[in-house]
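These notes concern the structure reproduced below.
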Protein chains: 2
Amino acid sequence: METVNVIKIGGNIIDDDVKLASFLQSFANVPGKKILIHGGGKLATRLADKMGVQQQMVDGRRITDAETLKIVTMVYAGAINKNMVAQLQMNGCNAIGLTGADGNLILAHKRQHATIDYGYVGDIDQVNTALLHSLLGQNLAVVAAPITHDKKGTLLNTNADTIAQEIATALSAHYHVSLIYSFEKNGVLLDVNDENSVIPKLTPVYYAELKAAERIFAGMLPKLDNAFAALQKGVGKVIIGKAETLHQLISGEAGTTLLYE
Amino acid sequence: METVNVIKIGGNIIDDDVKLASFLQSFANVPGKKILIHGGGKLATRLADKMGVQQQMVDGRRITDAETLKIVTMVYAGAINKNMVAQLQMNGCNAIGLTGADGNLILAHKRQHATIDYGYVGDIDQVNTALLHSLLGQNLAVVAAPITHDKKGTLLNTNADTIAQEIATALSAHYHVSLIYSFEKNGVLLDVNDENSVIPKLTPVYYAELKAAERIFAGMLPKLDNAFAALQKGVGKVIIGKAETLHQLISGEAGTTLLYE
């Protein structure tokens, strides 16, 4: 089976033009089939402020009301996605930027919750692997924005980590998939204050031990739980680490590699 | 040769949610291969006003400065394009929304002008017909936003009429192409104040006569000159008429059909 690198780039990098340009150059040089999933960064919040759209928070979570959905659609699918695609083209990488609505790439439904109305937030039902297969086969690098749709005419704001995981899982039937979460930290750290305490390799057994001993930073737990779930569903490996070291992450020389063994 | 309908939808329809929904339903039901090119409408101007971005005009023409480029990218490639795609999906049409940067669909260069700096405005160099051919072959309806790129990392604001014409011309080597300009009028009118004065058929000879007699509304002349140029370059026919009558335009029962004969 051929390899596909499914790479998620975190919000902090997106907010930094210099770091983003450097990351995109690295991404453009990753050989073979590849998919980039980007988050939103702070641009949507800044635009909402400028436009006087109040951000509603419920239990510490942002609610996507109709006005916020318009803003994130403009910022994620418009500004961020298209500027990334243009920069990748400049770097010789033939990229195509899509939301989940495009080619019915990611079908989702509005999140149902007993007590909180998250608004226009999507939980994923299905990834169109045939479309990805066809685009990757034409040597196109797919750049996915964190916007999905419900096939009833509504766009939905969707977590980029989850999109990366669902795409990686869906492709694992046809490809050897590496799922790379690139962000501002060196990897999964034994000591959250020490960037040199990267755990190079994490297995389910070792993860359970560290978790029981409360040695993993709480903020990392949902990402890691999701990552191990992806491995269980067929993703070959998950790599977590610094965006600036993308090529070393892929080669296993940097970051934390999660393996199901 | 197979037929492709290349359909441009004008700004006035885009600003009217009800008319737009109805138009998209009609477009979804057009059989066979099809491409939709949309303009911008007034949403970009409204957003610029809200954000306090001054619109520069030189000799009556809007200048796309850096801030305006950000706005049109958000509005055209984000808000308008993605909402259209989501509505087409709802209507059972598998649409994919692209800018000229996506898959290097439309390569352009920044407009050079002796006296006016138009800013980030693109004049088209090349259309990627191989990509269109591949997407149309997968029964995808391509929805193109009026944004192109220069392969140097810069997005460019580009006239939607021109994009429609360039796509139609580029495809005419491989397909029988009908280019349809759908807007708020019934067609090319003999009397601009009488919607019933539609000219059903316009040939170069008849057009030259009407032009010489100053019987064509001045605002239509650039569109018509471009349309005849497209016919000369291989486009099968150009149809101009009311968006609400899309199917009748295609079948020749409404609007003005331009033929090179």
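Naming scheme: A, B, ... for chains in displayed order of the structure tokens; residues 1 onward per chain; ligands 1 onward as shown.
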Pull out every residue of chain B that has at least one atom within 6 Å of chain A, counting only C-alpha atoms, and report them as a PDB file with N, CA and C atoms, in the first residue's frame.
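Result file follows (part39.pdb):
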ATOM      1  N   THR B  73     -11.495  37.942  -0.957  1.00  0.00           N
ATOM      2  CA  THR B  73     -11.147  36.524  -0.811  1.00  0.00           C
ATOM      3  C   THR B  73     -12.083  35.858   0.198  1.00  0.00           C
ATOM      4  N   MET B  74     -12.316  36.533   1.314  1.00  0.00           N
ATOM      5  CA  MET B  74     -13.222  35.978   2.322  1.00  0.00           C
ATOM      6  C   MET B  74     -14.642  35.849   1.808  1.00  0.00           C
ATOM      7  N   VAL B  75     -15.095  36.896   1.120  1.00  0.00           N
ATOM      8  CA  VAL B  75     -16.496  36.925   0.699  1.00  0.00           C
ATOM      9  C   VAL B  75     -16.731  36.021  -0.515  1.00  0.00           C
ATOM     10  N   ALA B  77     -14.555  33.644  -2.110  1.00  0.00           N
ATOM     11  CA  ALA B  77     -14.104  32.248  -2.001  1.00  0.00           C
ATOM     12  C   ALA B  77     -14.668  31.568  -0.760  1.00  0.00           C
ATOM     13  N   GLY B  78     -14.976  32.360   0.283  1.00  0.00           N
ATOM     14  CA  GLY B  78     -15.516  31.792   1.519  1.00  0.00           C
ATOM     15  C   GLY B  78     -17.028  31.821   1.509  1.00  0.00           C
ATOM     16  N   ALA B  79     -17.602  32.952   1.875  1.00  0.00           N
ATOM     17  CA  ALA B  79     -19.050  33.048   2.093  1.00  0.00           C
ATOM     18  C   ALA B  79     -19.872  32.624   0.870  1.00  0.00           C
ATOM     19  N   ALA B  86     -22.913  24.350  -0.780  1.00  0.00           N
ATOM     20  CA  ALA B  86     -23.762  23.642   0.188  1.00  0.00           C
ATOM     21  C   ALA B  86     -25.199  23.544  -0.315  1.00  0.00           C
ATOM     22  N   GLN B  87     -25.691  24.617  -0.927  1.00  0.00           N
ATOM     23  CA  GLN B  87     -27.060  24.576  -1.458  1.00  0.00           C
ATOM     24  C   GLN B  87     -27.178  23.638  -2.650  1.00  0.00           C
ATOM     25  N   GLN B  89     -25.366  20.952  -3.095  1.00  0.00           N
ATOM     26  CA  GLN B  89     -25.347  19.602  -2.507  1.00  0.00           C
ATOM     27  C   GLN B  89     -26.738  19.232  -1.989  1.00  0.00           C
ATOM     28  N   MET B  90     -27.396  20.182  -1.336  1.00  0.00           N
ATOM     29  CA  MET B  90     -28.755  19.950  -0.842  1.00  0.00           C
ATOM     30  C   MET B  90     -29.687  19.580  -1.984  1.00  0.00           C
ATOM     31  N   ASN B  94     -23.575  17.357  -7.037  1.00  0.00           N
ATOM     32  CA  ASN B  94     -22.270  17.233  -6.383  1.00  0.00           C
ATOM     33  C   ASN B  94     -21.323  18.307  -6.913  1.00  0.00           C
ATOM     34  N   ALA B  95     -21.300  19.427  -6.215  1.00  0.00           N
ATOM     35  CA  ALA B  95     -20.524  20.596  -6.642  1.00  0.00           C
ATOM     36  C   ALA B  95     -19.209  20.678  -5.891  1.00  0.00           C
ATOM     37  N   ILE B  96     -18.223  21.269  -6.528  1.00  0.00           N
ATOM     38  CA  ILE B  96     -16.922  21.517  -5.893  1.00  0.00           C
ATOM     39  C   ILE B  96     -16.541  22.968  -6.173  1.00  0.00           C
ATOM     40  N   GLY B  97     -16.301  23.717  -5.113  1.00  0.00           N
ATOM     41  CA  GLY B  97     -16.027  25.147  -5.241  1.00  0.00           C
ATOM     42  C   GLY B  97     -14.542  25.428  -5.263  1.00  0.00           C
ATOM     43  N   ALA B 101      -6.580  29.536  -7.712  1.00  0.00           N
ATOM     44  CA  ALA B 101      -5.383  28.972  -7.068  1.00  0.00           C
ATOM     45  C   ALA B 101      -5.517  27.464  -6.873  1.00  0.00           C
ATOM     46  N   ASP B 102      -6.745  26.995  -6.676  1.00  0.00           N
ATOM     47  CA  ASP B 102      -6.968  25.577  -6.370  1.00  0.00           C
ATOM     48  C   ASP B 102      -6.670  24.701  -7.578  1.00  0.00           C
ATOM     49  N   GLY B 103      -5.730  23.811  -7.413  1.00  0.00           N
ATOM     50  CA  GLY B 103      -5.324  22.955  -8.516  1.00  0.00           C
ATOM     51  C   GLY B 103      -4.743  23.754  -9.667  1.00  0.00           C
ATOM     52  N   LYS B 151       0.817  32.263  -9.036  1.00  0.00           N
ATOM     53  CA  LYS B 151       1.836  31.238  -8.756  1.00  0.00           C
ATOM     54  C   LYS B 151       3.053  31.810  -8.043  1.00  0.00           C
ATOM     55  N   LYS B 152       2.950  33.063  -7.600  1.00  0.00           N
ATOM     56  CA  LYS B 152       4.010  33.653  -6.780  1.00  0.00           C
ATOM     57  C   LYS B 152       3.488  33.873  -5.362  1.00  0.00           C
ATOM     58  N   GLY B 153       2.374  33.217  -5.038  1.00  0.00           N
ATOM     59  CA  GLY B 153       1.837  33.319  -3.685  1.00  0.00           C
ATOM     60  C   GLY B 153       0.775  34.382  -3.511  1.00  0.00           C
TER      61      GLY B 153
END
From a backbone DSSP assignment, name each residue in range 18-218 of chain B labelled alpha helix (DSSP H), as an NGL selection string.
:B and (18-28 or 43-51 or 66-72 or 81-90 or 129-137 or 160-171 or 204-212)
What lies within 9 Å of Phe228 in chain A using only C-alpha atoms, ignoring chain neighbours under 3 positions off, as a CSV table (one decimal) with N, CA and C atoms, in the first residue's frame?
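Result file follows (selection.csv):
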chain,number,residue,atom,x,y,z
A,203,THR,N,3.2,3.7,23.3
A,203,THR,CA,2.3,2.6,23.0
A,203,THR,C,1.1,2.7,23.9
A,204,PRO,N,0.0,1.9,23.6
A,204,PRO,CA,-1.1,2.0,24.5
A,204,PRO,C,-0.8,1.6,26.0
A,223,LYS,N,-6.5,14.7,22.7
A,223,LYS,CA,-5.8,14.5,21.5
A,223,LYS,C,-5.2,13.1,21.5
A,224,LEU,N,-4.6,12.6,22.6
A,224,LEU,CA,-4.0,11.3,22.6
A,224,LEU,C,-5.1,10.2,22.6
A,225,ASP,N,-6.1,10.4,23.3
A,225,ASP,CA,-7.2,9.4,23.3
A,225,ASP,C,-7.7,9.2,21.9
A,231,LEU,N,-5.5,4.8,15.7
A,231,LEU,CA,-4.6,3.7,15.5
A,231,LEU,C,-5.4,2.4,15.5
A,232,GLN,N,-6.3,2.3,16.4
A,232,GLN,CA,-7.1,1.1,16.5
A,232,GLN,C,-8.0,0.9,15.3
A,233,LYS,N,-8.4,2.0,14.6
A,233,LYS,CA,-9.2,1.9,13.4
A,233,LYS,C,-8.4,1.7,12.1
A,238,VAL,N,0.6,7.6,14.5
A,238,VAL,CA,0.3,9.0,14.7
A,238,VAL,C,1.5,9.7,15.3
A,258,LEU,N,3.2,7.6,18.1
A,258,LEU,CA,2.3,6.7,18.7
A,258,LEU,C,2.1,5.5,17.8
A,259,LEU,N,2.3,4.3,18.4
A,259,LEU,CA,2.1,3.1,17.6
A,259,LEU,C,1.2,2.1,18.4
A,260,TYR,N,0.4,1.4,17.7
A,260,TYR,CA,-0.5,0.4,18.3
A,260,TYR,C,0.2,-0.9,18.2
Compile the contact shell of Asn12 in chain A as an MDAnalysis selection string: residues with an atom at most 10 Å away, counting only C-alpha atoms, same-chain residues fewer than 5 positions apart removed.
chainID A and resid 19:20 39:42 183:184 243
Write out as number ranges by chain which residues come within 6 Å of Val235 in chain A when counting only C-alpha atoms, dropping same-chain ones fewer than 6 positions away.
A: 169, 172, 177
Which is closest to Tyr207 in chain B among B:Ala145, B:Val58, B:Leu190, B:Ala160, if we use only C-alpha atoms?
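Selected residue with least distance to Tyr207 in chain B: B:Leu190.
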Compile the contact shell of Lys33 in chain B as a ChimeraX atom specification: residues with an atom at most 9 Å away, counting only C-alpha atoms, same-chain residues fewer than 4 positions apart removed.
/B:2-6,136-137,139-141
